[in-house]
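Engineer: Below is the file model21.txt, with compact mmCIF, C-alpha atoms and all ligand atoms.
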```txt
# COMPACT_ATOMS: atom_id res chain seq x y z
CA MET A 1 22.14 -46.79 30.35
CA SER A 2 18.55 -45.86 30.90
CA PHE A 3 17.28 -42.44 30.06
CA SER A 4 14.54 -40.12 31.18
CA LYS A 5 11.10 -40.39 29.63
CA LEU A 6 11.77 -36.97 28.12
CA ALA A 7 14.99 -38.07 26.40
CA ASN A 8 13.28 -41.18 25.12
CA SER A 9 10.47 -39.12 23.61
CA ILE A 10 12.75 -36.84 21.57
CA GLY A 11 14.54 -37.69 18.31
CA ALA A 12 17.41 -35.83 16.65
CA SER A 13 16.46 -32.98 14.30
CA VAL A 14 15.87 -34.63 10.93
CA THR A 15 17.40 -31.79 8.97
CA LEU A 16 20.60 -31.88 11.04
CA LYS A 17 20.72 -35.67 10.58
CA LEU A 18 20.41 -35.20 6.81
CA ASN A 19 23.24 -32.64 6.84
CA SER A 20 25.52 -35.20 8.53
CA GLU A 21 24.45 -37.93 6.11
CA ALA A 22 25.13 -35.68 3.09
CA ALA A 23 28.57 -34.76 4.50
CA ARG A 24 29.36 -38.44 5.12
CA MET A 25 28.35 -39.43 1.58
CA ARG A 26 30.34 -36.56 0.06
CA ALA A 27 33.41 -37.57 2.08
CA ALA A 28 32.98 -41.10 0.72
CA GLY A 29 33.11 -39.68 -2.83
CA ASP A 30 29.40 -39.79 -3.68
CA PRO A 31 28.32 -36.92 -5.99
CA VAL A 32 25.70 -35.74 -3.54
CA ILE A 33 23.42 -32.81 -4.37
CA HIS A 34 22.15 -31.32 -1.16
CA LEU A 35 18.67 -29.87 -1.50
CA GLY A 36 18.02 -30.54 2.17
CA GLY A 37 19.92 -27.73 3.86
CA GLY A 38 18.72 -24.63 5.60
CA GLU A 39 21.55 -22.14 5.33
CA PRO A 40 22.50 -19.58 2.70
CA LYS A 41 25.90 -20.22 1.21
CA SER A 42 26.93 -16.55 0.96
CA LEU A 43 29.52 -15.24 3.39
CA ALA A 44 28.70 -13.33 6.55
CA PRO A 45 28.89 -9.53 6.11
CA GLY A 46 32.50 -8.25 6.14
CA ALA A 47 31.75 -5.90 9.06
CA ALA A 48 30.60 -8.86 11.17
CA ILE A 49 33.78 -10.84 10.46
CA ALA A 50 35.94 -7.78 11.19
CA ALA A 51 34.14 -7.13 14.49
CA GLY A 52 34.62 -10.75 15.55
CA ILE A 53 38.30 -10.70 14.64
CA SER A 54 39.01 -7.43 16.39
CA MET A 55 37.32 -8.63 19.56
CA LEU A 56 39.17 -11.93 19.41
CA LYS A 57 42.46 -10.02 19.18
CA THR A 58 41.75 -8.23 22.47
CA GLY A 59 41.70 -11.58 24.24
CA GLU A 60 38.83 -10.23 26.35
CA ILE A 61 36.41 -13.00 25.59
CA ARG A 62 34.24 -13.09 28.70
CA TYR A 63 30.85 -14.08 29.98
CA THR A 64 28.14 -11.61 29.05
CA PRO A 65 24.84 -10.83 30.82
CA ALA A 66 22.36 -13.69 30.29
CA ALA A 67 20.16 -11.50 28.07
CA GLY A 68 23.13 -10.34 25.98
CA THR A 69 25.57 -7.44 26.04
CA PRO A 70 24.16 -3.89 26.23
CA ALA A 71 25.49 -3.33 22.68
CA MET A 72 23.68 -6.45 21.43
CA ARG A 73 20.43 -5.42 23.09
CA ASP A 74 20.76 -1.91 21.67
CA ALA A 75 21.24 -3.38 18.21
CA ILE A 76 18.06 -5.46 18.65
CA ILE A 77 16.25 -2.31 19.80
CA ALA A 78 17.44 -0.43 16.69
CA TYR A 79 16.43 -3.36 14.46
CA THR A 80 12.96 -3.51 16.04
CA GLU A 81 12.42 0.20 15.51
CA LYS A 82 13.75 0.16 11.95
CA PHE A 83 11.94 -2.91 10.67
CA TYR A 84 8.85 -3.20 12.86
CA GLY A 85 8.34 0.46 13.74
CA ARG A 86 8.20 -0.34 17.45
CA LYS A 87 10.13 1.45 20.16
CA VAL A 88 11.34 -0.97 22.81
CA GLU A 89 13.64 -0.85 25.83
CA ARG A 90 16.54 -3.05 26.80
CA THR A 91 14.16 -4.83 29.16
CA ASN A 92 12.07 -5.93 26.15
CA VAL A 93 14.84 -7.78 24.34
CA MET A 94 17.05 -10.79 24.89
CA ALA A 95 19.77 -12.40 22.78
CA SER A 96 20.08 -16.19 22.58
CA ALA A 97 22.18 -18.86 20.94
CA GLY A 98 20.12 -18.72 17.74
CA ALA A 99 16.40 -18.22 17.26
CA LYS A 100 16.17 -21.89 18.15
CA GLN A 101 17.18 -21.23 21.72
CA ALA A 102 15.01 -18.10 21.89
CA ILE A 103 11.97 -20.16 20.83
CA MET A 104 12.81 -22.92 23.31
CA VAL A 105 13.30 -20.51 26.20
CA ALA A 106 10.05 -18.68 25.35
CA LEU A 107 8.18 -22.01 25.43
CA LEU A 108 9.82 -22.90 28.75
CA ALA A 109 8.73 -19.55 30.14
CA LEU A 110 5.12 -19.83 28.94
CA VAL A 111 4.10 -23.48 28.91
CA ASP A 112 3.04 -25.62 31.90
CA PRO A 113 2.70 -29.41 31.67
CA GLY A 114 -0.31 -30.26 29.53
CA ASP A 115 -0.66 -26.78 28.01
CA GLU A 116 -1.34 -26.82 24.30
CA VAL A 117 0.79 -25.13 21.66
CA VAL A 118 -1.10 -24.63 18.41
CA PHE A 119 0.66 -24.21 15.06
CA PRO A 120 -0.33 -24.52 11.39
CA VAL A 121 0.69 -27.47 9.20
CA PRO A 122 3.19 -27.62 7.59
CA TYR A 123 5.35 -26.60 10.53
CA TRP A 124 9.06 -26.33 11.24
CA VAL A 125 10.37 -29.79 12.22
CA SER A 126 11.42 -28.69 15.71
CA TYR A 127 8.10 -27.27 16.96
CA PRO A 128 6.54 -30.56 18.16
CA ASP A 129 9.67 -31.70 20.02
CA MET A 130 10.35 -28.23 21.44
CA THR A 131 6.78 -28.17 22.74
CA ARG A 132 7.26 -31.59 24.35
CA LEU A 133 10.60 -30.48 25.86
CA ALA A 134 8.67 -27.68 27.55
CA GLY A 135 6.12 -30.21 28.86
CA GLY A 136 3.44 -29.02 26.45
CA VAL A 137 1.19 -30.78 23.97
CA PRO A 138 1.75 -29.95 20.28
CA VAL A 139 -1.47 -29.24 18.35
CA PRO A 140 -0.69 -29.10 14.62
CA VAL A 141 -3.53 -27.66 12.52
CA PRO A 142 -3.78 -28.98 8.94
CA ALA A 143 -5.65 -27.19 6.19
CA ALA A 144 -8.49 -29.35 4.87
CA ASP A 145 -7.63 -28.33 1.32
CA SER A 146 -3.89 -29.23 1.70
CA SER A 147 -3.02 -25.60 1.16
CA PHE A 148 -0.19 -24.29 3.28
CA GLN A 149 -2.34 -22.07 5.42
CA PRO A 150 -5.29 -23.42 7.44
CA THR A 151 -8.26 -21.05 7.41
CA LEU A 152 -8.92 -18.80 10.37
CA ASP A 153 -11.85 -21.07 11.28
CA GLU A 154 -9.60 -24.12 11.20
CA MET A 155 -7.06 -22.38 13.43
CA THR A 156 -9.61 -21.11 15.94
CA ALA A 157 -11.38 -24.50 16.05
CA ALA A 158 -8.10 -25.98 17.34
CA ILE A 159 -7.87 -23.42 20.16
CA THR A 160 -9.20 -24.71 23.49
CA SER A 161 -9.13 -23.62 27.12
CA ARG A 162 -5.78 -25.46 27.34
CA THR A 163 -4.19 -23.42 24.54
CA ARG A 164 -1.34 -21.36 25.91
CA VAL A 165 0.54 -20.42 22.77
CA VAL A 166 -0.14 -20.01 19.07
CA LEU A 167 3.16 -20.41 17.27
CA LEU A 168 3.52 -18.95 13.77
CA ASN A 169 6.29 -18.78 11.21
CA SER A 170 6.04 -16.50 8.18
CA PRO A 171 7.76 -16.48 5.71
CA ASN A 172 7.28 -20.16 6.36
CA ASN A 173 9.62 -23.11 6.51
CA PRO A 174 8.89 -25.43 4.71
CA SER A 175 6.15 -23.98 2.48
CA GLY A 176 7.81 -20.70 1.47
CA LYS A 177 4.43 -19.09 2.11
CA VAL A 178 3.96 -15.59 3.49
CA PHE A 179 0.83 -15.63 5.63
CA ASP A 180 -2.06 -13.51 4.49
CA GLY A 181 -2.34 -10.17 6.32
CA ASP A 182 -6.09 -10.34 7.05
CA TRP A 183 -5.69 -13.88 8.35
CA LEU A 184 -2.88 -12.78 10.66
CA ARG A 185 -4.86 -9.76 11.87
CA GLY A 186 -7.85 -11.99 12.63
CA LEU A 187 -5.76 -14.56 14.45
CA VAL A 188 -3.83 -12.06 16.56
CA ARG A 189 -7.10 -10.34 17.53
CA TYR A 190 -8.73 -13.69 18.39
CA CYS A 191 -5.76 -14.61 20.62
CA GLU A 192 -5.71 -11.17 22.26
CA GLU A 193 -9.37 -11.48 23.20
CA ARG A 194 -8.67 -14.83 24.87
CA ASP A 195 -5.36 -13.97 26.53
CA ILE A 196 -3.47 -16.48 24.41
CA ASN A 197 0.20 -15.81 23.69
CA VAL A 198 1.34 -15.48 20.09
CA MET A 199 4.90 -16.46 19.28
CA MET A 200 6.00 -15.19 15.88
CA ASP A 201 9.05 -17.02 14.54
CA ASP A 202 10.40 -14.42 12.12
CA ILE A 203 13.71 -16.05 11.28
CA TYR A 204 13.06 -15.58 7.52
CA HIS A 205 12.34 -11.88 8.04
CA ARG A 206 13.39 -9.78 5.02
CA LEU A 207 13.59 -12.89 2.86
CA ASP A 208 10.18 -12.35 1.26
CA PHE A 209 10.23 -12.03 -2.51
CA ASP A 210 8.95 -9.98 -5.43
CA GLY A 211 8.81 -6.73 -3.49
CA ARG A 212 6.22 -8.12 -1.11
CA LYS A 213 6.11 -6.65 2.39
CA ALA A 214 4.84 -9.31 4.73
CA VAL A 215 2.28 -8.10 7.25
CA HIS A 216 3.82 -8.50 10.65
CA CYS A 217 2.20 -9.37 14.00
CA TYR A 218 3.07 -5.90 15.24
CA ASP A 219 0.93 -4.50 12.40
CA CYS A 220 -1.96 -6.50 13.83
CA THR A 221 -2.23 -5.07 17.34
CA ASP A 222 -2.73 -1.62 18.80
CA ARG A 223 -1.31 -2.71 22.12
CA SER A 224 2.14 -1.68 23.31
CA VAL A 225 4.92 -4.27 23.28
CA ASP A 226 4.49 -4.66 27.06
CA ASP A 227 0.74 -5.13 26.84
CA ALA A 228 0.54 -7.34 23.76
CA LYS A 229 0.88 -11.04 24.50
CA LEU A 230 3.25 -11.27 21.60
CA VAL A 231 6.85 -12.43 21.41
CA VAL A 232 8.86 -12.10 18.21
CA LEU A 233 11.80 -14.39 17.57
CA ASN A 234 14.42 -13.51 15.01
CA GLY A 235 18.18 -13.72 14.43
CA VAL A 236 21.15 -13.30 12.15
CA SER A 237 21.25 -16.87 10.79
CA LYS A 238 19.28 -16.53 7.57
CA GLN A 239 19.10 -12.85 6.54
CA TYR A 240 22.83 -12.26 7.22
CA ALA A 241 23.96 -15.82 6.36
CA MET A 242 25.42 -16.17 9.85
CA THR A 243 24.08 -19.58 10.89
CA GLY A 244 27.26 -20.72 12.64
CA PHE A 245 27.48 -17.62 14.83
CA ARG A 246 24.39 -18.82 16.67
CA ILE A 247 22.80 -15.51 17.51
CA GLY A 248 19.05 -15.06 17.72
CA TRP A 249 16.82 -12.91 19.86
CA ALA A 250 13.42 -12.38 21.39
CA VAL A 251 11.40 -9.15 21.64
CA GLY A 252 8.42 -9.11 23.98
CA PRO A 253 6.80 -7.84 27.17
CA GLN A 254 9.39 -7.12 29.82
CA ASP A 255 8.01 -9.58 32.39
CA LEU A 256 8.24 -12.38 29.83
CA ILE A 257 11.74 -11.36 28.75
CA LYS A 258 12.83 -11.31 32.39
CA ALA A 259 11.47 -14.82 32.93
CA MET A 260 13.20 -15.99 29.75
CA ALA A 261 16.52 -14.44 30.76
CA ASN A 262 16.28 -16.14 34.17
CA ILE A 263 15.82 -19.50 32.49
CA GLN A 264 18.61 -18.83 30.01
CA SER A 265 20.95 -17.74 32.84
CA HIS A 266 20.87 -21.30 34.21
CA GLN A 267 20.72 -23.04 30.89
CA SER A 268 23.60 -21.60 28.85
CA GLY A 269 24.23 -18.09 30.19
CA GLY A 270 24.62 -15.26 27.69
CA PRO A 271 25.34 -16.23 24.09
CA CYS A 272 28.92 -16.30 22.76
CA SER A 273 30.45 -12.84 23.27
CA LEU A 274 32.37 -12.92 19.98
CA SER A 275 29.24 -13.81 18.06
CA GLN A 276 27.30 -11.03 19.74
CA ALA A 277 29.96 -8.51 18.63
CA ALA A 278 29.72 -9.86 15.08
CA ALA A 279 25.90 -9.76 15.13
CA VAL A 280 25.91 -6.14 16.34
CA ALA A 281 28.14 -5.19 13.40
CA ALA A 282 25.86 -7.05 10.96
CA ILE A 283 22.74 -5.32 12.26
CA GLU A 284 24.30 -1.86 12.47
CA GLY A 285 26.41 -2.07 9.31
CA ALA A 286 25.55 -1.73 5.61
CA GLN A 287 22.50 -3.83 4.75
CA GLY A 288 23.31 -4.45 1.09
CA SER A 289 24.08 -8.13 1.58
CA VAL A 290 20.48 -8.86 2.61
CA GLY A 291 19.10 -7.46 -0.65
CA GLU A 292 21.76 -9.31 -2.62
CA LEU A 293 20.89 -12.57 -0.89
CA ARG A 294 17.22 -12.00 -1.62
CA LYS A 295 18.02 -11.49 -5.31
CA VAL A 296 20.14 -14.64 -5.47
CA LEU A 297 17.35 -16.60 -3.81
CA GLU A 298 14.68 -15.18 -6.12
CA ARG A 299 16.73 -16.22 -9.12
CA ALA A 300 17.31 -19.73 -7.71
CA ARG A 301 13.60 -19.99 -6.91
CA ASP A 302 12.67 -19.03 -10.47
CA GLU A 303 15.06 -21.59 -11.97
CA LEU A 304 13.84 -24.32 -9.65
CA MET A 305 10.19 -23.55 -10.43
CA ASN A 306 10.88 -23.66 -14.18
CA LEU A 307 12.66 -26.98 -13.87
CA LEU A 308 10.05 -28.53 -11.60
CA GLY A 309 7.41 -27.33 -14.07
CA GLU A 310 8.97 -29.70 -16.63
CA ILE A 311 8.17 -32.76 -14.50
CA PRO A 312 4.69 -33.99 -15.43
CA GLY A 313 2.64 -34.83 -12.31
CA LEU A 314 4.70 -32.75 -9.92
CA LYS A 315 2.96 -29.73 -8.43
CA ALA A 316 4.63 -26.86 -6.64
CA ASP A 317 3.38 -23.48 -5.41
CA THR A 318 5.81 -20.66 -6.12
CA PRO A 319 7.50 -19.79 -2.81
CA GLU A 320 6.83 -16.23 -1.65
CA GLY A 321 9.85 -16.16 0.65
CA THR A 322 12.51 -18.25 2.50
CA PHE A 323 14.62 -20.63 0.41
CA TYR A 324 12.42 -23.69 0.39
CA CYS A 325 9.94 -25.14 -2.04
CA PHE A 326 7.43 -27.63 -0.61
CA ALA A 327 6.61 -29.68 -3.67
CA ASP A 328 3.71 -32.08 -4.08
CA PHE A 329 4.97 -35.53 -5.18
CA ARG A 330 1.74 -37.38 -4.43
CA ALA A 331 1.42 -38.38 -8.08
CA PHE A 332 4.60 -40.45 -7.65
CA ASP A 333 4.61 -41.65 -4.04
CA THR A 334 2.45 -40.69 -1.08
CA ASP A 335 5.12 -41.93 1.35
CA SER A 336 7.56 -39.03 1.52
CA THR A 337 10.13 -40.87 3.65
CA ARG A 338 10.31 -43.66 1.08
CA LEU A 339 10.55 -41.22 -1.81
CA ALA A 340 13.30 -39.16 -0.13
CA ALA A 341 15.24 -42.38 0.59
CA ARG A 342 14.86 -43.41 -3.05
CA LEU A 343 16.13 -40.07 -4.30
CA LEU A 344 19.11 -40.29 -1.99
CA GLU A 345 19.95 -43.86 -2.88
CA LYS A 346 19.34 -43.72 -6.63
CA VAL A 347 20.43 -40.23 -7.62
CA GLN A 348 22.15 -38.94 -4.48
CA VAL A 349 19.83 -35.99 -4.05
CA VAL A 350 19.10 -34.99 -0.46
CA THR A 351 15.55 -33.74 0.19
CA VAL A 352 13.51 -33.60 3.39
CA PRO A 353 10.37 -35.78 3.63
CA GLY A 354 7.18 -33.75 4.02
CA ILE A 355 5.98 -35.94 6.88
CA GLU A 356 8.66 -34.33 9.07
CA PHE A 357 6.73 -31.08 8.60
CA GLY A 358 3.39 -32.79 9.13
CA MET A 359 2.37 -33.31 5.46
CA GLU A 360 2.69 -36.63 3.66
CA GLY A 361 3.39 -36.83 -0.08
CA PHE A 362 5.47 -33.63 -0.17
CA LEU A 363 9.23 -33.06 -0.21
CA ARG A 364 11.01 -29.92 0.89
CA LEU A 365 13.59 -28.79 -1.65
CA SER A 366 16.06 -26.09 -0.58
CA TYR A 367 17.42 -23.69 -3.16
CA CYS A 368 19.92 -21.84 -0.97
CA GLY A 369 22.92 -23.79 -2.31
CA PRO A 370 24.89 -23.10 -5.50
CA LEU A 371 22.64 -22.52 -8.54
CA GLU A 372 24.43 -25.36 -10.33
CA ASP A 373 23.35 -27.75 -7.55
CA VAL A 374 19.76 -26.54 -7.75
CA ARG A 375 19.76 -27.22 -11.51
CA GLU A 376 21.48 -30.57 -11.20
CA GLY A 377 19.24 -31.65 -8.32
CA ALA A 378 16.10 -30.84 -10.31
CA ARG A 379 17.55 -32.61 -13.37
CA ARG A 380 18.23 -35.78 -11.39
CA ILE A 381 14.79 -35.74 -9.78
CA LYS A 382 13.26 -35.43 -13.25
CA TRP A 383 15.43 -38.24 -14.54
CA LEU A 384 14.42 -40.56 -11.74
CA LEU A 385 10.72 -39.80 -11.98
CA ASP A 386 10.51 -39.73 -15.75
CA GLU A 387 9.01 -43.01 -16.89
CA ASN A 388 10.08 -42.40 -20.47
CA GLY A 389 13.76 -42.44 -19.81
CA GLY A 390 14.47 -38.81 -19.09
CA PRO A 391 17.46 -36.85 -20.30
CA GLU A 392 20.80 -38.53 -20.83
CA LEU A 393 23.37 -38.10 -18.08
CA ARG A 394 26.35 -35.97 -18.98
CA ALA A 395 29.62 -37.70 -19.90
CA GLY A 396 31.78 -38.64 -16.93
CA GLU A 397 28.90 -38.53 -14.48
CA LYS A 398 28.14 -41.33 -12.14
CA VAL A 399 25.62 -43.53 -13.92
CA PHE A 400 22.55 -43.90 -11.78
CA THR A 401 20.29 -46.87 -12.12
CA ARG A 402 16.60 -46.35 -11.77
C1 LIG A 501 11.42 -21.78 11.10
C2 LIG A 501 12.75 -21.75 11.78
N1 LIG A 501 12.83 -21.22 13.02
C3 LIG A 501 13.99 -21.15 13.67
C4 LIG A 501 15.16 -21.64 13.11
C5 LIG A 501 16.43 -21.56 13.91
O1 LIG A 501 17.27 -20.56 13.50
P1 LIG A 501 18.62 -20.24 14.27
O2 LIG A 501 19.74 -20.64 13.36
O3 LIG A 501 18.61 -18.78 14.51
O4 LIG A 501 18.64 -21.02 15.54
C6 LIG A 501 15.11 -22.21 11.83
C7 LIG A 501 16.33 -22.77 11.22
O5 LIG A 501 16.31 -23.50 10.27
C8 LIG A 501 13.88 -22.25 11.15
O6 LIG A 501 13.78 -22.76 9.91
```
Represent the supplied structure as structure tokens.
Structural biologist:
Amino acid sequence: MSFSKLANSIGASVTLKLNSEAARMRAAGDPVIHLGGGEPKSLAPGAAIAAGISMLKTGEIRYTPAAGTPAMRDAIIAYTEKFYGRKVERTNVMASAGAKQAIMVALLALVDPGDEVVFPVPYWVSYPDMTRLAGGVPVPVPAADSSFQPTLDEMTAAITSRTRVVLLNSPNNPSGKVFDGDWLRGLVRYCEERDINVMMDDIYHRLDFDGRKAVHCYDCTDRSVDDAKLVVLNGVSKQYAMTGFRIGWAVGPQDLIKAMANIQSHQSGGPCSLSQAAAVAAIEGAQGSVGELRKVLERARDELMNLLGEIPGLKADTPEGTFYCFADFRAFDTDSTRLAARLLEKVQVVTVPGIEFGMEGFLRLSYCGPLEDVREGARRIKWLLDENGGPELRAGEKVFTR
């Protein structure tokens, strides 16, 4: 068969491909350690499960409005007021099948062919392909000093008359960085003055560490939600460990939300009604699980940083949020795809090559899995990279050959 130019220009999401590969290797009996994933392993909040079950029992599992049920939109309104201090109306919010769909639909609503979408490097793997799917041109902006946040001057230098959207993600996947407040204020103001839309991907919201309170885009503008050219994307996947429910949302000016809901109405319709009921319960119920998850992640981050610190030549900034560490392996191999393949083949550790996020020589290591896997993964990486032999493998373990 022959395919459209669009289909031919898009590859599968690398992280999803790695998940399948890890599952295939595990099924074949390989002792795989998966440091490539992007989902917390804790269970969804009990209230969310109960709400899903009780709705399922009614048998009334129907289509919902394209923008989500009234209860779902009210929950998003309550969330926005509680966590961002902004009062919004139902017309300002829309639920989607994950933040992924909310981001995609926002791009479809904003971007014309040839419009530029500017985002900092390193970026989430999907941004370039999502931009292309919307007909736009991705403009990744690297930091000259290889830090994980280009300067304001570097960002603004990339903005042209074709720039339609600046797309940000903080806390950031893959770097674990929380963007600096003054930087964000400056960037939002710069975009406001030039009528450029800011899309804030906030899917790691509330997963910032060490008591830090990330400055949010809404802190950076005096305009009302309807007047600000700002759309915030969020969801239940990460903070509530509800990845499989596929519920995300967008908050923004009502004309944009209307355009997005129109697009979504033809694309997929409203998100799964059961999942919306579960998401409402998660948002409106006790919030203790979010704090617990944050604590678990902080602990895993600390362990990982200590273990990586024992590998001479490896450099890693301490993540300020999320559950990823973007570690600098340039002392060992500047080709991240080759290094990730070597780690998978030789010691069965799944990592994600930095080049997929726009930075060569780095690997993204996830620490959202069991602590034991984080420790074992770091131990195997050390063993493989350690020219002097490294620690002995434990009895009964598969013997890897360097
Ligand atoms: C930066 C970023 N944005 C969006 C998403 C998508 O989240 P969701 O599961 O809500 O579609 C992810 C998932 O990994 C992500 O890392």
Engineer: Find the residue from A:Ala341, A:Glu303, A:Gly358, A:His205 that sits nearest to Pro370 in chain A; use only C-alpha atoms when measuring.
Structural biologist: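 Checking each of A:Ala341, A:Glu303, A:Gly358, A:His205 against Pro370 in chain A, counting only C-alpha atoms, the winner is A:Glu303.
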Engineer: Can you measure CA of Gly369 in chain A to atom O5 of ligand LIG 501 (chain A) for me? One decimal in Å is fine.
Structural biologist: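 Atom O5 of ligand LIG 501 (chain A) lies 14.2 Å from CA of Gly369 in chain A.
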Engineer: Using all atoms listed in the file, determine which residues lie at most 10 Å from Ala47 in chain A, disregarding the query and same-chain residues fewer than 3 positions distant; provide the list as a PyMOL selection string.
Structural biologist: chain A and resi 44+50-53+278-286
Engineer: Smallest atom-to-atom distance to ligand LIG 501 (chain A): which of A:Val225, A:Ala28, A:Ile203, A:Leu56, using all atoms listed in the file?
Structural biologist: A:Ile203
Engineer: Let me have the centre and edge lengths of the axis-aligned box enclosing all listed atoms of ligand LIG 501 (chain A) with 3 Å padding on every side, in Å to one decimal, as JSON.
Structural biologist:
```
{"center_x": 15.6, "center_y": -21.1, "center_z": 12.7, "size_x": 14.3, "size_y": 10.7, "size_z": 11.6}
```
Engineer: Taking all atoms listed in the file into account, name the residue in A:Ala106, A:Val117, A:Met1, A:Val125 that is nearest to ligand LIG 501 (chain A).
Structural biologist: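 For ligand LIG 501 (chain A), the nearest of the candidates is A:Val125.
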Engineer: Set the cut-off to 10 Å, count only C-alpha atoms and all ligand atoms, and list whatever residues fall near ligand LIG 501 (chain A) as a ChimeraX atom specification.
Structural biologist: /A:15-16,37-39,96-104,123-127,168-174,200-204,233-239,241-249,322-324
Engineer: Once you count all atoms listed in the file, which residues end up no further than 12 Å from (18.1, -25.4, 32.9) in the file's frame, shown as a PDB file with C-alpha atoms, in the coordinates of the input?
Structural biologist:
```
ATOM      1  CA  GLN A 101      17.180 -21.230  21.720  1.00  0.00           C
ATOM      2  CA  MET A 104      12.810 -22.920  23.310  1.00  0.00           C
ATOM      3  CA  VAL A 105      13.300 -20.510  26.200  1.00  0.00           C
ATOM      4  CA  LEU A 108       9.820 -22.900  28.750  1.00  0.00           C
ATOM      5  CA  ALA A 109       8.730 -19.550  30.140  1.00  0.00           C
ATOM      6  CA  LEU A 133      10.600 -30.480  25.860  1.00  0.00           C
ATOM      7  CA  ALA A 134       8.670 -27.680  27.550  1.00  0.00           C
ATOM      8  CA  MET A 260      13.200 -15.990  29.750  1.00  0.00           C
ATOM      9  CA  ALA A 261      16.520 -14.440  30.760  1.00  0.00           C
ATOM     10  CA  ASN A 262      16.280 -16.140  34.170  1.00  0.00           C
ATOM     11  CA  ILE A 263      15.820 -19.500  32.490  1.00  0.00           C
ATOM     12  CA  GLN A 264      18.610 -18.830  30.010  1.00  0.00           C
ATOM     13  CA  SER A 265      20.950 -17.740  32.840  1.00  0.00           C
ATOM     14  CA  HIS A 266      20.870 -21.300  34.210  1.00  0.00           C
ATOM     15  CA  GLN A 267      20.720 -23.040  30.890  1.00  0.00           C
ATOM     16  CA  SER A 268      23.600 -21.600  28.850  1.00  0.00           C
ATOM     17  CA  GLY A 269      24.230 -18.090  30.190  1.00  0.00           C
TER      18      GLY A 269
END
```
Engineer: Would you please work out which residue, of A:Cys191, A:Val178, A:Cys272, A:Leu371, is nearest to Met155 in chain A when using only C-alpha atoms?
Structural biologist: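 Nearest to Met155 in chain A: A:Cys191.
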Engineer: Work out how far apart CA of Val215 in chain A and CA of Lys229 in chain A are and give it in Å to one decimal.
Structural biologist: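 We find that CA of Val215 in chain A and CA of Lys229 in chain A lie 17.6 Å from each other.
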Engineer: Working from the structure I just supplied, which lacks atoms in range 231-240 of chain A, can you model N, CA, C and O atoms there and output them as a compact mmCIF listing (two decimals), in the frame of the given file?
Structural biologist:
```txt
# COMPACT_ATOMS: atom_id res chain seq x y z
N VAL A 231 5.39 -12.39 21.37
CA VAL A 231 6.85 -12.43 21.41
C VAL A 231 7.36 -12.76 20.01
O VAL A 231 6.85 -13.66 19.34
N VAL A 232 8.32 -11.95 19.56
CA VAL A 232 8.86 -12.10 18.21
C VAL A 232 10.27 -12.67 18.31
O VAL A 232 11.09 -12.17 19.08
N LEU A 233 10.50 -13.74 17.55
CA LEU A 233 11.80 -14.39 17.57
C LEU A 233 12.47 -14.17 16.22
O LEU A 233 11.82 -14.34 15.18
N ASN A 234 13.73 -13.81 16.26
CA ASN A 234 14.42 -13.51 15.01
C ASN A 234 15.91 -13.80 15.23
O ASN A 234 16.30 -14.30 16.28
N GLY A 235 16.75 -13.47 14.25
CA GLY A 235 18.18 -13.72 14.43
C GLY A 235 18.97 -13.40 13.18
O GLY A 235 18.42 -12.95 12.18
N VAL A 236 20.27 -13.65 13.27
CA VAL A 236 21.15 -13.30 12.15
C VAL A 236 21.38 -14.48 11.19
O VAL A 236 22.02 -14.31 10.15
N SER A 237 20.88 -15.67 11.55
CA SER A 237 21.25 -16.87 10.79
C SER A 237 20.94 -16.78 9.30
O SER A 237 21.80 -17.08 8.46
N LYS A 238 19.70 -16.41 8.97
CA LYS A 238 19.28 -16.53 7.57
C LYS A 238 19.54 -15.23 6.82
O LYS A 238 20.21 -15.23 5.80
N GLN A 239 18.99 -14.11 7.30
CA GLN A 239 19.10 -12.85 6.54
C GLN A 239 20.56 -12.42 6.36
O GLN A 239 20.90 -11.85 5.32
N TYR A 240 21.42 -12.67 7.34
CA TYR A 240 22.83 -12.26 7.22
C TYR A 240 23.75 -13.45 6.92
O TYR A 240 24.97 -13.30 6.99
```
